[in-house]
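Trainee: Would you mind keeping the following structure in view while I ask a few things?
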Amino acid sequence: MLLSVVVLLILLAALGWLWMQLTVSPHHFPPLVPGFLHLIQDDLPCYLLKLTQKYGPLYRFHLGIRDVVVLNSKTAIEEAFVKKWMYFSGRPQTFAIRLVNKDGQDLSLGDYTPLWKAHRKLARFALLYAQNNLEPLIEQMIQDLCKSLLAHNGTPVNIYEEFLKFTCSIICFLSFGEKVSYSALFPSFNDCIEELLLAFDSWQVHILDILPFLRFFPNPGLRKLKKMIEKRDRIVQKQLRWHKETLVEGQTRDLTDYMLQKIREQGEGPDELSEGHVHMTLVDLFIGGTETTASTLTWIVAFLLHHPEIQRRLQEELDQELGPGFSGNPPNYGDRARFPLLNATIAEVLRLRPVAPLAIPHCTKQTSSLCGFDIPKNSIIIANIYAAHHDDSVWAQPYDFRPDRFLEPELSPVGIPFGCGPRTCLGERLARLEVFLVLAHVLQAFTLLPEGSHTLPSLKPVFGTNTKILDFLVRLQPREAEARVTTSGSSL
């Protein structure tokens with residue numbers, strides 16, 4: 001079967017090349033990269049960036065009978081999603097996306113329609129409602145996180161797991177209030193989501209968009225994806241049933257209550273939002289608001305272990321403004337302008353390791369143009385955020401960790417780690433709030449040290465839907481203990 005697929009692809013490529021030689025198009029399309037298997041390459045963002053050396057920052061290739069246009073520069077991405085957003089605001093409804101996108105009701109994967117706009121508005125107001133007075137809750141959860149880290153007594157810790165528990169607790173509380181704790185819901189749900197994303201990223205699933213007839217053959221990857229979708233829906237439905245059974249009119253415990261009440265108020269109809277939209281909003285919150293933020297925090301820790309001089313400068317900045325260690329004043333997100341180096345460090349890590357390196361594909365709703373090229377209707381658009389953040393024509397020494405580049409914002413470019421335009425990440429504000437406060441509290445209370453004297457974490461990204469980091473251990477030395485050691489050493 002595999003040999004037949006290879007032969008068929010070669011034949012299709014030859015026929016495509018022959019067709020281009022025999023026809024002359026009146027359109028000025030982006031350069032075409034030959035081949036059909038680009039989307040199943042390893043380290044895809046890096047691979048797509050490398051193609052710019054030959055084809056320029058904007059090019060296309062074929063995915064079955066459809067064109068995929070790749071944008072590798074911030075200029076092209078902003079032209080498409082900000083200046084011409086009406087033309088580029090759709091989502092491609094590929095086979096895999098239709099499977100995951102429950103009846104077209106997913107907010108992240110849903111196509112741009114009036115109903116989608118109403119869905120995004122509902123989700124946005126629900127998040128705003130739930131985030132009202134959220135900072136005190138986050139501060140309390142961060143204090144619990146620091147106590148948990150302190151309990152390890154300086155022994156090596158898997159910091160990603162600690163951050164993941166924290167971010168999951170936040171999303172659990174926002175979504176389900178005090179009824180559901182992290183330990184009650186998230187471990188099994190997290191495993192389900194991780195396996196679902198792995199199956200979704202699998203070449204066994206992507207190949208079905210290139211060769212649709214393979215959908216009729218046994219496919220372990222597709223079977224796994226369907227199984228994880230069913231498990232995902234069972235877990236969310238259980239929570240929705242409890243909310244509907246215990247919902248009291250006029251009382252709003254969490255954003256699930258908020259959305260269910262708004263849907264009841266609007267009534268039912270084919271062109272109205274339904275419980276399915278609430279269901280998929282909750283799925284998006286857990287996918288987009290847990291691992292992504294935990295990974296960003298873990299990446300920051302990894303870079304600071306490689307650059308202890310930056311960590312020392314960050315602690316000096318925090319000490320100057322708040323006082324040292326656990327005895328210092330707690331940082332406040334509203335005062336974040338007082339911490340320019342901390343903000344610059346976060347911005348630099350988001351540049352180097354953007355949360356979603358290829359964002360989510362867009363689709364052209366109408367024929368348009370981009371950077372002087374004609375872009376046909378129904379083209380799939382991939383925004384390579386990773387490439388835009390490593391463009392050496394924009395960023396000096398783009399692969400180096402240099403937070404100081406952001407200390408003069410009027411001279412430094414601005415990254416787009418959460419996307420841009422009407423489909424920008426809905427949880428950006430929450431993510432920035434969590435990352436700033438967690439990092440400030442942890443650096444105020446601890447000094448981050450590698451597991452061993454010669455053991456530093458790998459900085460090689462593991463690309464998928466999200467930019468992940470390989471697991472590593474870190475020692476967190478309480479700064480009070482550090483101060484006592486310094487003082488006793490001075491008295492000697």
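Convention: chains lettered A, B, ... in structure tokens order; per-chain residue numbering from 1; ligands numbered from 1 as shown.
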Leaving out A:Arg312 and any residue of its chain fewer than 2 positions from it, which residues lie within 12 Å of it when counting only C-alpha atoms, given as a ChimeraX atom specification?
Mentor: /A:304-305,307-310,314-319,341-342,443-444,446-449,479
Trainee: Can you list every residue of stretch 32-132 of chain A that has an atom at most 7 Å from stretch 192-209 of chain A, with its nearest atom pair and the distance in Å to one decimal, using only C-alpha atoms, ordered by chain then number, as CSV?
Mentor:
```
residue,atom,partner,partner_atom,distance
A:Ile40,CA,A:Trp203,CA,5.5
A:Gly64,CA,A:Asp209,CA,6.5
A:Thr94,CA,A:Asp209,CA,6.5
A:Phe95,CA,A:Asp209,CA,6.2
A:Ala96,CA,A:Val205,CA,6.7
```
Trainee: Any chance you could list, as JSON, numbers by chain, the residues in stretch 54-186 of chain A that come up helix (DSSP H, G or I) when DSSP is run on the backbone?
Mentor: {"A": [54, 55, 74, 75, 76, 77, 78, 79, 80, 81, 82, 83, 95, 96, 97, 98, 99, 100, 102, 103, 104, 114, 115, 116, 117, 118, 119, 120, 121, 122, 123, 124, 125, 126, 127, 128, 129, 130, 131, 134, 135, 136, 137, 138, 139, 140, 141, 142, 143, 144, 145, 146, 147, 148, 149, 150, 159, 160, 161, 162, 163, 164, 165, 166, 167, 168, 169, 170, 171, 172, 173, 174, 175, 176, 177, 178, 179, 182, 183, 184, 185, 186]}
Trainee: List as a PyMOL selection string the protein and nucleic acid residues near A:Phe418, meaning an atom at most 7 Å away when only C-alpha atoms are counted, but skip any in the same chain fewer than 6 places from it.
Mentor: chain A and resi 424-425+428
Trainee: Generate the output file for the selected residues, C-alpha atoms, as an mmCIF file, in the first residue's frame.
Mentor:
```
data_model
loop_
_atom_site.group_PDB
_atom_site.id
_atom_site.type_symbol
_atom_site.label_atom_id
_atom_site.label_comp_id
_atom_site.auth_asym_id
_atom_site.auth_seq_id
_atom_site.Cartn_x
_atom_site.Cartn_y
_atom_site.Cartn_z
ATOM 1 C CA THR A 424 -6.032 36.688 17.600
ATOM 2 C CA CYS A 425 -5.826 34.418 20.653
ATOM 3 C CA GLU A 428 -3.841 36.403 25.453
#
```
Trainee: Find, counting only C-alpha atoms, the residue in A:Val435, A:Leu71, A:Leu99, A:Leu174 that gets nearest to A:Thr298.
Mentor: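 Distance minimum relative to A:Thr298 lands on A:Val435.
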Trainee: For the atom pair atom CA of A:Asp233 and atom CA of A:Pro357, what is the interatomic distance in Å to one decimal place?
Mentor: 26.6 Å
Trainee: Skipping near chain neighbours, those fewer than 5 positions away, what residues fall within 12 Å of A:Lys468 using only C-alpha atoms, listed as a count of residues only?
Mentor: 24
Trainee: Counting only C-alpha atoms, which residue out of A:Leu255, A:Ile287, A:Leu32, A:Ala396 sits closest to A:Tyr129?
Mentor: A:Leu255
Trainee: Which residues are close to stretch 359-375 of chain A, i.e. within 9 Å by only C-alpha atoms, leaving aside same-chain residues fewer than 6 positions away? Reply as a PyMOL selection string.
Mentor: chain A and resi 27-30+58+69+75-76+79-80+84+86-93+108-109+111-112+381-385+417-419+465-466
Trainee: For stretch 330-333 of chain A, list every protein, DNA or RNA residue within 10 Å, evaluated using only C-alpha atoms, and leave out those in the same chain fewer than 2 positions away; present the list as a ChimeraX atom specification.
Mentor: /A:135-136,139,143,318,321-323,325-328,335-339,432-434,436-441,444
Trainee: Would you put the residues from that selection into a file with C-alpha atoms, as an mmCIF file, in the first residue's frame?
Mentor:
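Printed below is selection-v2.cif as written:
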```cif
data_model
loop_
_atom_site.group_PDB
_atom_site.id
_atom_site.type_symbol
_atom_site.label_atom_id
_atom_site.label_comp_id
_atom_site.auth_asym_id
_atom_site.auth_seq_id
_atom_site.Cartn_x
_atom_site.Cartn_y
_atom_site.Cartn_z
ATOM 1 C CA GLU A 135 -5.766 38.563 40.096
ATOM 2 C CA PRO A 136 -6.286 37.957 43.843
ATOM 3 C CA GLU A 139 -1.951 35.419 43.577
ATOM 4 C CA GLN A 143 1.463 31.386 46.801
ATOM 5 C CA LEU A 318 12.475 42.773 41.696
ATOM 6 C CA GLU A 321 10.961 47.511 43.566
ATOM 7 C CA LEU A 322 9.523 44.968 46.021
ATOM 8 C CA GLY A 323 12.142 43.844 48.488
ATOM 9 C CA GLY A 325 12.564 36.963 48.977
ATOM 10 C CA PHE A 326 9.354 35.829 50.672
ATOM 11 C CA SER A 327 9.437 38.919 52.883
ATOM 12 C CA GLY A 328 9.142 41.300 49.947
ATOM 13 C CA ASP A 335 2.456 47.779 38.125
ATOM 14 C CA ARG A 336 4.196 45.700 35.439
ATOM 15 C CA ALA A 337 5.628 48.833 33.804
ATOM 16 C CA ARG A 338 7.976 49.049 36.808
ATOM 17 C CA PHE A 339 9.725 45.873 35.646
ATOM 18 C CA ARG A 432 0.232 37.326 29.937
ATOM 19 C CA LEU A 433 -1.192 37.881 33.418
ATOM 20 C CA GLU A 434 -0.259 34.362 34.555
ATOM 21 C CA PHE A 436 4.158 37.755 34.506
ATOM 22 C CA LEU A 437 2.892 37.031 38.015
ATOM 23 C CA VAL A 438 4.244 33.479 38.255
ATOM 24 C CA LEU A 439 7.672 34.469 36.988
ATOM 25 C CA ALA A 440 7.838 37.506 39.292
ATOM 26 C CA HIS A 441 6.842 35.503 42.378
ATOM 27 C CA GLN A 444 11.495 36.877 43.976
#
```
Trainee: Counting only C-alpha atoms, which of A:Asn72, A:Lys262, A:Arg66, A:Gly154 gets nearest to A:Leu476?
Mentor: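 Comparing A:Asn72, A:Lys262, A:Arg66, A:Gly154 against A:Leu476, the winner is A:Gly154.
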Trainee: Between atom CA of A:Leu352 and atom CA of A:His306, what is the spacing in Å?
Mentor: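 Spanning atom CA of A:His306 to atom CA of A:Leu352 is a straight-line distance of 14.2 Å.
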Trainee: Listing only residues of stretch 258-376 of chain A within 9 Å of stretch 239-253 of chain A, what is the closest atom pair and its distance in Å (to one decimal) for each, using only C-alpha atoms, sorted by chain and residue number ascending, as a Markdown table?
Mentor:
```
| residue | atom | partner | partner_atom | distance |
| --- | --- | --- | --- | --- |
| A:Tyr258 | CA | A:Thr252 | CA | 5.9 |
| A:Leu260 | CA | A:Lys244 | CA | 7.8 |
| A:Gln261 | CA | A:Glu249 | CA | 7.7 |
| A:Glu275 | CA | A:Leu240 | CA | 8.6 |
| A:Val278 | CA | A:Leu240 | CA | 8.7 |
| A:His279 | CA | A:Leu240 | CA | 7.5 |
```
Trainee: Could you tell me how far atom CA of A:Ala431 lies from atom CA of A:Ser73, in Å and to one decimal?
Mentor: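 Taking atom CA of A:Ala431 as the start and atom CA of A:Ser73 as the end point, the length is 24.1 Å.
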Trainee: Which residues in stretch 276-492 of chain A does DSSP call strand (DSSP E or B)? List them as a list in words.
Mentor: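 Residues of stretch 276-492 of chain A classed as strand (DSSP E or B): His362, Cys363, Ser368, Ser369, Leu370, Phe373, Asp374, Ile375, Ile380, Ile381, Ile382, Ala383, Phe446, Thr447, Leu448, Leu449, Pro450, Gly452, Thr455, Val462, Phe463, Thr467, Lys468, Leu473, Val474, Arg475, Leu476, Gln477 and Pro478 of chain A.
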Trainee: Write out as a list of chain:residue names which residues come within 9 Å of A:Leu115 when counting only C-alpha atoms, dropping same-chain ones fewer than 6 positions away.
Mentor: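 The residues satisfying every condition are A:Asp271, A:Glu272, A:Leu273.
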Trainee: Once you have the residues from the selection above, write them out as an mmCIF file, in the first residue's frame, restricted to N, CA and C atoms.
Mentor:
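Produced file part.cif, reproduced below:
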```
data_model
loop_
_atom_site.group_PDB
_atom_site.id
_atom_site.type_symbol
_atom_site.label_atom_id
_atom_site.label_comp_id
_atom_site.auth_asym_id
_atom_site.auth_seq_id
_atom_site.Cartn_x
_atom_site.Cartn_y
_atom_site.Cartn_z
ATOM 1 N N ASP A 271 -30.061 29.223 13.616
ATOM 2 C CA ASP A 271 -29.046 30.262 13.458
ATOM 3 C C ASP A 271 -28.652 30.879 14.793
ATOM 4 N N GLU A 272 -28.902 30.139 15.868
ATOM 5 C CA GLU A 272 -28.562 30.617 17.208
ATOM 6 C C GLU A 272 -27.479 29.730 17.818
ATOM 7 N N LEU A 273 -26.792 30.285 18.802
ATOM 8 C CA LEU A 273 -25.791 29.504 19.522
ATOM 9 C C LEU A 273 -26.467 28.401 20.334
#
```
